[in-house]
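*Asks:* Quick one, work27.csv (CSV, C-alpha atoms (C1' of nucleotides)):
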```csv
chain,number,residue,atom,x,y,z
A,28,MET,CA,-34.2,-0.7,-16.4
A,29,PRO,CA,-32.9,1.3,-13.5
A,30,ASP,CA,-32.3,5.0,-14.1
A,31,GLU,CA,-29.8,7.4,-12.7
A,32,ILE,CA,-31.8,8.0,-9.5
A,33,ASP,CA,-32.1,4.3,-8.8
A,34,LEU,CA,-28.4,3.8,-9.1
A,35,ARG,CA,-27.7,6.7,-6.8
A,36,ARG,CA,-30.1,5.2,-4.3
A,37,THR,CA,-28.5,1.8,-4.6
A,38,PHE,CA,-25.1,3.4,-4.1
A,39,ALA,CA,-26.4,5.2,-1.0
A,40,ILE,CA,-27.7,1.9,0.4
A,41,PHE,CA,-24.3,0.3,0.2
A,42,ASN,CA,-22.7,3.4,1.6
A,43,GLU,CA,-25.0,3.2,4.7
A,44,ILE,CA,-24.3,-0.5,5.0
A,45,GLY,CA,-20.6,0.1,5.0
A,46,ILE,CA,-20.8,2.8,7.7
A,47,LEU,CA,-23.2,0.7,9.7
A,48,GLY,CA,-20.8,-2.2,9.6
A,49,GLN,CA,-18.0,0.0,10.9
A,50,LEU,CA,-20.1,1.5,13.6
A,51,SER,CA,-21.7,-1.7,14.9
A,52,ARG,CA,-18.3,-3.4,14.8
A,53,ALA,CA,-16.8,-0.7,17.0
A,54,LEU,CA,-19.8,-0.9,19.3
A,55,PHE,CA,-19.5,-4.6,19.7
A,56,GLU,CA,-15.8,-4.6,20.2
A,57,ALA,CA,-16.1,-2.0,22.9
A,58,ARG,CA,-18.0,-4.6,24.9
A,59,LEU,CA,-15.7,-7.5,24.2
A,60,PRO,CA,-12.5,-8.1,26.3
A,61,THR,CA,-9.6,-6.0,25.1
A,62,GLY,CA,-8.0,-7.4,22.0
A,63,VAL,CA,-10.9,-9.7,21.2
A,64,LEU,CA,-12.4,-8.7,17.9
A,65,VAL,CA,-15.7,-9.4,16.2
A,66,PRO,CA,-14.4,-12.2,14.0
A,67,HIS,CA,-13.1,-14.1,17.1
A,68,PHE,CA,-16.5,-13.9,18.8
A,69,SER,CA,-18.3,-14.7,15.5
A,70,LEU,CA,-16.4,-17.9,15.1
A,71,VAL,CA,-17.3,-19.2,18.5
A,72,ASN,CA,-20.8,-18.0,18.2
A,73,HIS,CA,-21.2,-19.7,14.8
A,74,LEU,CA,-19.9,-23.0,16.2
A,75,ILE,CA,-22.5,-22.9,18.9
A,76,ARG,CA,-25.4,-21.7,16.8
A,77,VAL,CA,-24.8,-24.1,13.9
A,78,ARG,CA,-22.6,-26.9,15.2
A,79,ASP,CA,-19.0,-27.5,16.0
A,80,GLY,CA,-16.7,-30.0,14.3
A,81,GLN,CA,-16.8,-28.1,11.1
A,82,THR,CA,-13.7,-27.8,8.9
A,83,PRO,CA,-11.8,-24.5,8.6
A,84,LEU,CA,-12.8,-24.3,4.9
A,85,THR,CA,-16.5,-24.7,5.6
A,86,LEU,CA,-16.2,-21.9,8.2
A,87,ALA,CA,-14.3,-19.7,5.7
A,88,ARG,CA,-17.1,-20.1,3.2
A,89,ALA,CA,-19.8,-19.4,5.9
A,90,PHE,CA,-18.1,-16.1,6.8
A,91,GLN,CA,-17.2,-15.3,3.2
A,92,VAL,CA,-13.5,-14.8,4.0
A,93,PRO,CA,-10.4,-16.3,2.4
A,94,LYS,CA,-9.2,-19.5,4.0
A,95,THR,CA,-6.0,-17.8,5.1
A,96,THR,CA,-8.0,-15.4,7.1
A,97,MET,CA,-9.9,-18.2,8.7
A,98,THR,CA,-6.7,-20.0,9.6
A,99,HIS,CA,-5.6,-16.9,11.4
A,100,THR,CA,-8.9,-16.4,13.2
A,101,ILE,CA,-9.0,-20.0,14.4
A,102,SER,CA,-5.4,-19.8,15.6
A,103,VAL,CA,-6.4,-16.9,17.8
A,104,ALA,CA,-9.3,-18.8,19.2
A,105,VAL,CA,-7.0,-21.8,19.9
A,106,LYS,CA,-4.6,-19.5,21.7
A,107,HIS,CA,-7.5,-18.3,23.9
A,108,GLY,CA,-8.5,-21.9,24.5
A,109,TRP,CA,-12.0,-21.4,23.1
A,110,VAL,CA,-11.7,-24.1,20.4
A,111,GLU,CA,-9.6,-27.1,19.6
A,112,LEU,CA,-8.3,-28.3,16.2
A,113,ARG,CA,-8.4,-32.0,15.6
A,114,PRO,CA,-7.7,-34.1,12.5
A,115,ASN,CA,-10.6,-34.9,10.3
A,116,PRO,CA,-11.1,-38.6,10.4
A,117,LYS,CA,-12.9,-38.4,7.0
A,118,ASP,CA,-10.1,-36.6,5.2
A,119,GLY,CA,-6.4,-36.6,6.1
A,120,ARG,CA,-5.9,-33.2,4.5
A,121,SER,CA,-8.6,-31.6,6.7
A,122,LYS,CA,-9.2,-30.7,10.3
A,123,GLN,CA,-12.2,-30.1,12.5
A,124,VAL,CA,-12.8,-27.2,14.9
A,125,TRP,CA,-14.3,-28.2,18.2
A,126,LEU,CA,-15.6,-25.9,21.0
A,127,THR,CA,-14.2,-26.1,24.5
A,128,GLU,CA,-16.0,-25.3,27.8
A,129,ALA,CA,-14.0,-22.1,28.0
A,130,GLY,CA,-15.3,-21.2,24.5
A,131,ARG,CA,-18.9,-21.7,25.5
A,132,ALA,CA,-18.3,-19.7,28.7
A,133,PHE,CA,-16.7,-16.9,26.8
A,134,ARG,CA,-19.7,-16.7,24.4
A,135,GLU,CA,-22.2,-16.7,27.2
A,136,ARG,CA,-20.4,-13.9,28.9
A,137,ALA,CA,-20.0,-11.9,25.7
A,138,ILE,CA,-23.7,-12.2,24.8
A,139,ALA,CA,-24.6,-11.0,28.3
A,140,ASP,CA,-22.3,-8.0,27.9
A,141,LEU,CA,-23.8,-7.1,24.6
A,142,MET,CA,-27.4,-7.3,25.7
A,143,PRO,CA,-27.8,-3.8,27.0
A,144,ASP,CA,-26.7,-2.3,23.7
A,145,LEU,CA,-28.9,-4.6,21.7
A,146,ALA,CA,-31.8,-3.6,23.9
A,147,ASP,CA,-31.1,0.1,23.3
A,148,VAL,CA,-31.2,-0.4,19.6
A,149,SER,CA,-34.1,-2.7,19.7
A,150,ALA,CA,-36.1,-0.1,21.6
A,151,THR,CA,-35.7,2.5,18.8
A,152,LEU,CA,-37.4,0.4,16.2
A,153,ASP,CA,-40.7,-1.4,16.6
A,154,GLY,CA,-40.9,-5.1,16.0
A,155,ALA,CA,-42.6,-4.8,12.6
A,156,ALA,CA,-40.0,-2.4,11.3
A,157,GLN,CA,-37.2,-4.7,12.5
A,158,GLU,CA,-38.8,-7.7,10.9
A,159,ALA,CA,-39.1,-5.8,7.6
A,160,LEU,CA,-35.5,-4.5,7.8
A,161,LEU,CA,-34.2,-8.0,8.5
A,162,GLU,CA,-36.1,-9.5,5.6
A,163,GLN,CA,-34.8,-6.9,3.1
A,164,LEU,CA,-31.2,-7.2,4.3
A,165,THR,CA,-31.4,-11.0,4.1
A,166,ALA,CA,-32.8,-10.8,0.6
A,167,LEU,CA,-30.1,-8.5,-0.5
A,168,ARG,CA,-27.4,-10.6,1.1
A,169,GLN,CA,-28.7,-13.7,-0.5
A,170,PHE,CA,-28.7,-12.0,-3.9
A,171,LEU,CA,-25.1,-11.0,-3.5
A,172,ASP,CA,-24.2,-14.5,-2.2
A,173,THR,CA,-25.6,-16.3,-5.2
A,174,ARG,CA,-24.3,-13.6,-7.6
A,175,ARG,CA,-20.8,-14.2,-6.1
A,176,ASP,CA,-21.1,-18.0,-6.2
A,177,PRO,CA,-20.2,-18.8,-9.8
A,178,GLU,CA,-17.3,-16.3,-9.7
A,179,ASN,CA,-15.8,-18.4,-6.9
A,180,GLY,CA,-13.7,-15.6,-5.5
A,181,SER,CA,-12.0,-15.4,-2.1
A,182,ASP,CA,-9.1,-17.6,-2.8
A,183,GLY,CA,-9.8,-21.3,-2.3
B,28,MET,CA,-39.2,-3.4,26.8
B,29,PRO,CA,-37.7,-5.7,24.2
B,30,ASP,CA,-38.0,-9.4,24.9
B,31,GLU,CA,-35.7,-12.3,24.0
B,32,ILE,CA,-37.1,-12.5,20.5
B,33,ASP,CA,-36.6,-8.9,19.8
B,34,LEU,CA,-33.0,-9.1,20.9
B,35,ARG,CA,-32.3,-12.1,18.7
B,36,ARG,CA,-33.8,-10.2,15.7
B,37,THR,CA,-31.7,-7.1,16.4
B,38,PHE,CA,-28.6,-9.3,16.7
B,39,ALA,CA,-29.6,-10.9,13.4
B,40,ILE,CA,-29.9,-7.5,11.7
B,41,PHE,CA,-26.4,-6.5,12.7
B,42,ASN,CA,-25.1,-9.9,11.6
B,43,GLU,CA,-26.6,-9.3,8.1
B,44,ILE,CA,-25.2,-5.8,8.0
B,45,GLY,CA,-21.7,-7.2,8.8
B,46,ILE,CA,-21.9,-9.8,6.1
B,47,LEU,CA,-23.3,-7.4,3.6
B,48,GLY,CA,-20.5,-4.9,4.4
B,49,GLN,CA,-18.0,-7.7,3.6
B,50,LEU,CA,-19.7,-8.8,0.5
B,51,SER,CA,-20.3,-5.4,-1.0
B,52,ARG,CA,-16.7,-4.4,-0.2
B,53,ALA,CA,-15.4,-7.4,-2.0
B,54,LEU,CA,-17.7,-6.7,-4.9
B,55,PHE,CA,-16.6,-3.1,-5.2
B,56,GLU,CA,-12.9,-3.8,-4.9
B,57,ALA,CA,-13.2,-6.4,-7.7
B,58,ARG,CA,-14.1,-3.5,-10.0
B,59,LEU,CA,-11.4,-1.1,-8.8
B,60,PRO,CA,-7.8,-1.2,-10.0
B,61,THR,CA,-5.6,-3.8,-8.3
B,62,GLY,CA,-4.5,-2.5,-4.9
B,63,VAL,CA,-7.1,0.2,-4.7
B,64,LEU,CA,-9.5,-0.4,-1.8
B,65,VAL,CA,-12.8,1.0,-0.9
B,66,PRO,CA,-11.5,3.6,1.6
B,67,HIS,CA,-9.3,5.1,-1.1
B,68,PHE,CA,-12.2,5.5,-3.5
B,69,SER,CA,-14.5,6.7,-0.7
B,70,LEU,CA,-12.1,9.5,0.2
B,71,VAL,CA,-12.0,10.9,-3.3
B,72,ASN,CA,-15.7,10.3,-3.8
B,73,HIS,CA,-16.5,12.2,-0.6
B,74,LEU,CA,-14.3,15.1,-1.5
B,75,ILE,CA,-16.2,15.5,-4.8
B,76,ARG,CA,-19.7,14.9,-3.4
B,77,VAL,CA,-19.3,17.2,-0.4
B,78,ARG,CA,-16.4,19.5,-1.1
B,79,ASP,CA,-12.6,19.4,-1.1
B,80,GLY,CA,-10.3,21.5,1.1
B,81,GLN,CA,-11.5,19.7,4.2
B,82,THR,CA,-9.1,18.8,7.0
B,83,PRO,CA,-7.9,15.2,7.7
B,84,LEU,CA,-9.7,15.3,11.0
B,85,THR,CA,-13.0,16.4,9.5
B,86,LEU,CA,-12.7,13.5,7.1
B,87,ALA,CA,-11.8,11.0,9.8
B,88,ARG,CA,-15.0,12.0,11.6
B,89,ALA,CA,-17.1,11.8,8.4
B,90,PHE,CA,-15.9,8.2,7.9
B,91,GLN,CA,-15.9,7.3,11.6
B,92,VAL,CA,-12.4,6.1,11.5
B,93,PRO,CA,-9.5,7.1,13.8
B,94,LYS,CA,-7.4,10.0,12.6
B,95,THR,CA,-4.3,7.7,12.2
B,96,THR,CA,-6.3,5.6,9.7
B,97,MET,CA,-7.2,8.7,7.8
B,98,THR,CA,-3.6,9.9,7.7
B,99,HIS,CA,-2.7,6.6,6.1
B,100,THR,CA,-5.6,6.6,3.6
B,101,ILE,CA,-4.8,10.2,2.6
B,102,SER,CA,-1.1,9.3,2.1
B,103,VAL,CA,-2.1,6.5,-0.3
B,104,ALA,CA,-4.3,8.9,-2.3
B,105,VAL,CA,-1.4,11.4,-2.4
B,106,LYS,CA,0.9,8.7,-3.7
B,107,HIS,CA,-1.6,8.0,-6.5
B,108,GLY,CA,-1.8,11.7,-7.2
B,109,TRP,CA,-5.5,11.9,-6.6
B,110,VAL,CA,-5.3,14.5,-3.8
B,111,GLU,CA,-2.9,17.2,-2.6
B,112,LEU,CA,-2.1,18.1,1.1
B,113,ARG,CA,-1.8,21.8,1.7
B,114,PRO,CA,-1.3,23.8,4.9
B,115,ASN,CA,-4.5,25.2,6.4
B,116,PRO,CA,-4.3,29.0,6.3
B,117,LYS,CA,-6.8,29.2,9.2
B,118,ASP,CA,-4.8,26.9,11.5
B,119,GLY,CA,-1.1,26.2,11.6
B,120,ARG,CA,-1.6,22.7,13.1
B,121,SER,CA,-3.9,21.7,10.4
B,122,LYS,CA,-3.9,20.8,6.7
B,123,GLN,CA,-6.4,20.7,3.8
B,124,VAL,CA,-7.0,17.9,1.3
B,125,TRP,CA,-7.6,19.1,-2.2
B,126,LEU,CA,-8.5,17.1,-5.3
B,127,THR,CA,-6.4,16.9,-8.4
B,128,GLU,CA,-7.6,16.4,-12.0
B,129,ALA,CA,-6.2,12.9,-11.8
B,130,GLY,CA,-8.4,12.3,-8.7
B,131,ARG,CA,-11.5,13.5,-10.5
B,132,ALA,CA,-10.7,11.3,-13.5
B,133,PHE,CA,-10.1,8.3,-11.3
B,134,ARG,CA,-13.4,8.8,-9.6
B,135,GLU,CA,-15.3,9.1,-12.9
B,136,ARG,CA,-13.7,5.9,-14.2
B,137,ALA,CA,-14.4,4.0,-11.0
B,138,ILE,CA,-18.1,5.0,-11.0
B,139,ALA,CA,-18.5,4.0,-14.6
B,140,ASP,CA,-16.9,0.6,-13.8
B,141,LEU,CA,-19.3,0.1,-10.8
B,142,MET,CA,-22.4,0.9,-12.7
B,143,PRO,CA,-23.2,-2.5,-14.1
B,144,ASP,CA,-23.1,-4.1,-10.7
B,145,LEU,CA,-25.2,-1.3,-9.2
B,146,ALA,CA,-27.7,-1.8,-12.0
B,147,ASP,CA,-27.8,-5.6,-11.3
B,148,VAL,CA,-28.6,-5.0,-7.6
B,149,SER,CA,-31.0,-2.2,-8.4
B,150,ALA,CA,-33.0,-4.4,-10.7
B,151,THR,CA,-33.7,-6.9,-8.0
B,152,LEU,CA,-35.5,-4.5,-5.7
B,153,ASP,CA,-38.2,-2.1,-6.8
B,154,GLY,CA,-37.8,1.6,-6.1
B,155,ALA,CA,-40.2,1.7,-3.2
B,156,ALA,CA,-38.5,-1.2,-1.4
B,157,GLN,CA,-35.1,0.5,-1.9
B,158,GLU,CA,-36.4,3.8,-0.6
B,159,ALA,CA,-37.8,2.1,2.5
B,160,LEU,CA,-34.6,0.2,3.0
B,161,LEU,CA,-32.5,3.3,2.7
B,162,GLU,CA,-34.6,5.1,5.1
B,163,GLN,CA,-34.4,2.4,7.8
B,164,LEU,CA,-30.7,2.1,7.4
B,165,THR,CA,-30.2,5.8,7.6
B,166,ALA,CA,-32.3,6.0,10.8
B,167,LEU,CA,-30.3,3.1,12.3
B,168,ARG,CA,-27.0,4.7,11.4
B,169,GLN,CA,-28.0,8.1,12.8
B,170,PHE,CA,-29.1,6.4,16.0
B,171,LEU,CA,-25.7,4.8,16.4
B,172,ASP,CA,-24.0,8.0,15.4
B,173,THR,CA,-25.6,10.1,18.1
B,174,ARG,CA,-25.3,7.3,20.6
B,175,ARG,CA,-21.6,7.1,20.0
B,176,ASP,CA,-21.1,10.9,20.1
B,177,PRO,CA,-20.9,11.6,23.8
B,178,GLU,CA,-18.5,8.6,24.3
B,179,ASN,CA,-16.1,10.3,21.9
B,180,GLY,CA,-14.3,7.2,20.9
B,181,SER,CA,-12.0,6.5,17.9
B,182,ASP,CA,-9.0,8.2,19.3
B,183,GLY,CA,-8.8,12.0,18.6
C,12,DT,C1',0.2,38.3,28.5
C,13,DG,C1',1.9,33.9,30.0
C,14,DA,C1',1.3,29.2,31.4
C,15,DA,C1',-1.8,25.1,31.2
C,16,DA,C1',-5.0,22.6,28.5
C,17,DA,C1',-6.7,21.2,24.2
C,18,DT,C1',-6.2,20.1,19.4
C,19,DA,C1',-4.1,18.5,14.6
C,20,DG,C1',-1.3,15.6,12.5
C,21,DT,C1',2.1,11.7,12.4
C,22,DG,C1',5.7,7.9,13.7
C,23,DC,C1',5.6,3.6,15.5
C,24,DG,C1',4.2,-1.0,16.9
C,25,DA,C1',0.7,-4.7,17.3
C,26,DC,C1',-2.4,-7.1,15.0
C,27,DA,C1',-5.9,-8.2,11.0
C,28,DT,C1',-6.7,-9.2,6.2
C,29,DC,C1',-5.7,-11.5,2.2
C,30,DG,C1',-3.1,-13.0,-2.3
C,31,DT,C1',0.6,-16.1,-3.6
C,32,DA,C1',2.9,-20.2,-3.3
C,33,DC,C1',3.8,-24.3,-1.1
C,34,DT,C1',3.0,-29.3,1.1
C,35,DA,C1',0.2,-33.2,2.0
C,36,DA,C1',-3.6,-35.8,0.9
C,37,DT,C1',-7.5,-37.2,-2.0
C,38,DT,C1',-9.9,-38.0,-6.3
C,39,DG,C1',-10.6,-39.1,-11.1
C,40,DG,C1',-9.6,-41.0,-15.5
C,41,DT,C1',-7.2,-44.4,-17.9
D,16,DA,C1',-3.0,-49.4,-9.7
D,17,DC,C1',-1.0,-45.1,-11.4
D,18,DC,C1',-0.3,-40.4,-12.4
D,19,DA,C1',-2.5,-35.8,-13.1
D,20,DA,C1',-5.6,-32.7,-11.3
D,21,DT,C1',-7.9,-31.1,-7.4
D,22,DT,C1',-8.3,-29.9,-2.6
D,23,DA,C1',-7.3,-28.6,2.6
D,24,DG,C1',-4.4,-26.1,5.2
D,25,DT,C1',-0.5,-23.0,6.2
D,26,DA,C1',3.8,-20.0,5.8
D,27,DC,C1',5.0,-15.7,4.1
D,28,DG,C1',4.9,-11.0,2.7
D,29,DA,C1',2.3,-6.7,1.6
D,30,DT,C1',-0.9,-3.7,3.1
D,31,DG,C1',-4.8,-1.9,6.1
D,32,DT,C1',-6.4,-0.6,10.8
D,33,DC,C1',-5.8,1.6,15.0
D,34,DG,C1',-4.0,2.7,19.9
D,35,DC,C1',-0.2,5.2,22.1
D,36,DA,C1',2.8,8.7,22.4
D,37,DC,C1',5.0,12.6,20.6
D,38,DT,C1',5.5,17.5,18.4
D,39,DA,C1',3.7,21.8,16.9
D,40,DT,C1',0.2,25.0,17.3
D,41,DT,C1',-3.8,27.2,19.1
D,42,DT,C1',-7.0,28.2,22.8
D,43,DT,C1',-8.3,29.2,27.4
D,44,DC,C1',-8.2,31.9,31.4
D,45,DA,C1',-6.3,33.7,35.5
```
Take the structure in the file and write it out as structure tokens.
*Replies:*
Amino acid sequence: MPDEIDLRRTFAIFNEIGILGQLSRALFEARLPTGVLVPHFSLVNHLIRVRDGQTPLTLARAFQVPKTTMTHTISVAVKHGWVELRPNPKDGRSKQVWLTEAGRAFRERAIADLMPDLADVSATLDGAAQEALLEQLTALRQFLDTRRDPENGSDG
Amino acid sequence: MPDEIDLRRTFAIFNEIGILGQLSRALFEARLPTGVLVPHFSLVNHLIRVRDGQTPLTLARAFQVPKTTMTHTISVAVKHGWVELRPNPKDGRSKQVWLTEAGRAFRERAIADLMPDLADVSATLDGAAQEALLEQLTALRQFLDTRRDPENGSDG
DNA sequence: TGAAAATAGTGCGACATCGTACTAATTGGT
DNA sequence: ACCAATTAGTACGATGTCGCACTATTTTCA
């Protein structure tokens, strides 16, 4: 049974997460080409790290955004020539998102440009502290994920 | 000197922070009145927790957003009758943001509506773990804050 | 003290996010 | 096999975010 102090602390944690999200987003976007935002990079990065050929809806779920948002993000990546949309041979309603060579090159370059900043941050926390932080964040995220699941929010 | 593994881990930390920011934002906004977003609540909450009568620019800095964004957020709060804009007697260019009774009432109600969710999350992590997490997040945030300072980004 | 530089706030335009409503295709129950 | 319900994707509109440029005011300093 959490008391008042616990709740304040929990609130403070989410407050810090919100601010950190904003700061890190700004930091990343300062290293990306003008007009390219984190979601655009994240899409290409995800397709490389997991696999390409996924459907827009699968991607929307992976990023926890509404499917309309993913439609828009994909369209931007298509305009840049980083991905291609093809029909899904398994389902006529659906599509597949495939990487292009330009998409892979863009991701390589973006990662390289981000490295110095990552190294800076990495140098301020020792490996064990980072490992602990990552574990706790992952646990918290997974809790929110499963908690959100039954509610089936975010549109589709 | 951070190696490849360290950088991947640092990247993963920011990735989790980004997703957590998105999830917690969605969770909070589901409890706020329709159309009311986290920034609107945060503004009123900040004015109560710190003090009201601050200038828009001070608030923009506190939230790490451009001043144009703060102008917009304040205008929404004014429309709702939660805050009032008055001229700053110390500086003719500037203004002050003051809470109204409606603003205080809105904040009370919003906090009460958020409590069950906070309690849920709080119950999944013991106090010591939360304290540790909060400390690490705060340290990371402060590092990004000071790192960002000299660059003087975000417009104004 | 007077002119240049700096600062606070805002209008505007470009783009991102997301809920609603729609079309096309698939699935499920009879 | 058929029709209802479900599902994938998108167009559209409302709102949020933010860079640029502008006005009004204050500060600086020669």
*Asks:* Find the spatial neighbours of range 44-58 of chain B, counting only C-alpha atoms (C1' of nucleotides), within a cut-off of 6 Å - ignore same-chain residues fewer than 6 positions away - and output them as an NGL selection string.
*Replies:* (:A and (44-45 or 48 or 168)) or (:B and (64))
*Asks:* Show me, as a PDB file with C-alpha atoms (C1' of nucleotides), in the frame of the given file, the residues that have an atom within 10 Å of range 33-44 of chain D when counting all atoms listed in the file, minus same-chain residues fewer than 2 positions from it.
*Replies:*
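Okay, selection-v5.pdb is ready:
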```pdb
ATOM      1  CA  VAL B  92     -12.400   6.100  11.500  1.00  0.00           C
ATOM      2  CA  PRO B  93      -9.500   7.100  13.800  1.00  0.00           C
ATOM      3  CA  LYS B  94      -7.400  10.000  12.600  1.00  0.00           C
ATOM      4  CA  THR B  95      -4.300   7.700  12.200  1.00  0.00           C
ATOM      5  CA  THR B  96      -6.300   5.600   9.700  1.00  0.00           C
ATOM      6  CA  ASP B 118      -4.800  26.900  11.500  1.00  0.00           C
ATOM      7  CA  GLY B 119      -1.100  26.200  11.600  1.00  0.00           C
ATOM      8  CA  ARG B 120      -1.600  22.700  13.100  1.00  0.00           C
ATOM      9  CA  SER B 121      -3.900  21.700  10.400  1.00  0.00           C
ATOM     10  CA  SER B 181     -12.000   6.500  17.900  1.00  0.00           C
ATOM     11  CA  ASP B 182      -9.000   8.200  19.300  1.00  0.00           C
TER      12      ASP B 182
ATOM     13  C1'  DA C  14       1.300  29.200  31.400  1.00  0.00           C
ATOM     14  C1'  DA C  15      -1.800  25.100  31.200  1.00  0.00           C
ATOM     15  C1'  DA C  16      -5.000  22.600  28.500  1.00  0.00           C
ATOM     16  C1'  DA C  17      -6.700  21.200  24.200  1.00  0.00           C
ATOM     17  C1'  DT C  18      -6.200  20.100  19.400  1.00  0.00           C
ATOM     18  C1'  DA C  19      -4.100  18.500  14.600  1.00  0.00           C
ATOM     19  C1'  DG C  20      -1.300  15.600  12.500  1.00  0.00           C
ATOM     20  C1'  DT C  21       2.100  11.700  12.400  1.00  0.00           C
ATOM     21  C1'  DG C  22       5.700   7.900  13.700  1.00  0.00           C
ATOM     22  C1'  DC C  23       5.600   3.600  15.500  1.00  0.00           C
ATOM     23  C1'  DG C  24       4.200  -1.000  16.900  1.00  0.00           C
ATOM     24  C1'  DA C  25       0.700  -4.700  17.300  1.00  0.00           C
ATOM     25  C1'  DC C  26      -2.400  -7.100  15.000  1.00  0.00           C
TER      26       DC C  26
ATOM     27  C1'  DG D  31      -4.800  -1.900   6.100  1.00  0.00           C
TER      28       DG D  31
END
```
*Asks:* Please, which residues of chain A lie no more than 9 Å from chain B when the count uses all atoms listed in the file, and can they be set out as a VMD selection string?
*Replies:* chain A and resid 28 to 30 33 to 41 43 to 54 90 to 92 142 145 to 152 154 156 to 165 167 to 168 170 to 172 175 181
*Asks:* Pick from C:DT34, C:DT28, C:DT41, C:DT12: nearest to chain A, with all atoms listed in the file counted?
*Replies:* C:DT28
*Asks:* Taking a cut-off of 7 Å and counting all atoms listed in the file, can you build a table that, for each residue of chain C near chain A, reports the nearest atom pair and how far apart they are in Å (one decimal), sorted by chain then residue number, as JSON lines?
*Replies:*
```
{"residue": "C:DT28", "atom": "C1'", "partner": "A:Thr96", "partner_atom": "CA", "distance": 6.4}
{"residue": "C:DC29", "atom": "C1'", "partner": "A:Thr96", "partner_atom": "CA", "distance": 6.7}
{"residue": "C:DA35", "atom": "C1'", "partner": "A:Arg120", "partner_atom": "CA", "distance": 6.6}
{"residue": "C:DA36", "atom": "C1'", "partner": "A:Arg120", "partner_atom": "CA", "distance": 5.0}
```
*Asks:* Near chain A, meaning an atom within 9 Å, which residues of chain D appear when counting only C-alpha atoms (C1' of nucleotides)? Write them as a PyMOL selection string.
*Replies:* chain D and resi 22-25
*Asks:* Keeping only C-alpha atoms (C1' of nucleotides), write the selected residues as an mmCIF file, in the frame of the given file.
*Replies:*
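Printed below is again.cif as written:
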```
data_model
loop_
_atom_site.group_PDB
_atom_site.id
_atom_site.type_symbol
_atom_site.label_atom_id
_atom_site.label_comp_id
_atom_site.auth_asym_id
_atom_site.auth_seq_id
_atom_site.Cartn_x
_atom_site.Cartn_y
_atom_site.Cartn_z
ATOM 1 C "C1'" DT D 22 -8.300 -29.900 -2.600
ATOM 2 C "C1'" DA D 23 -7.300 -28.600 2.600
ATOM 3 C "C1'" DG D 24 -4.400 -26.100 5.200
ATOM 4 C "C1'" DT D 25 -0.500 -23.000 6.200
#
```
*Asks:* As an exercise, work out the distance from CA of Arg131 in chain B to CA of Pro116 in chain B in Å and give it to one decimal place.
*Replies:*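 Value for the CA of Arg131 in chain B-CA of Pro116 in chain B distance: 24.0 Å.
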*Asks:* What does the structure give for the distance between CA of Ala155 in chain A and CA of Thr173 in chain B, in Å to one decimal?
*Replies:*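 If I compute the distance from CA of Ala155 in chain A to CA of Thr173 in chain B, I get 23.3 Å.
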*Asks:* To one decimal in Å, tell me the separation between CA of His67 in chain A and C1' of DT31 in chain C.
*Replies:*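 A separation of 24.9 Å between them.
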*Asks:* Applying 12 Å and all atoms listed in the file, which residues near DA32 in chain C remain after dropping the ones on its own chain fewer than 5 positions away? List them as a PyMOL selection string.
*Replies:* chain D and resi 25-28
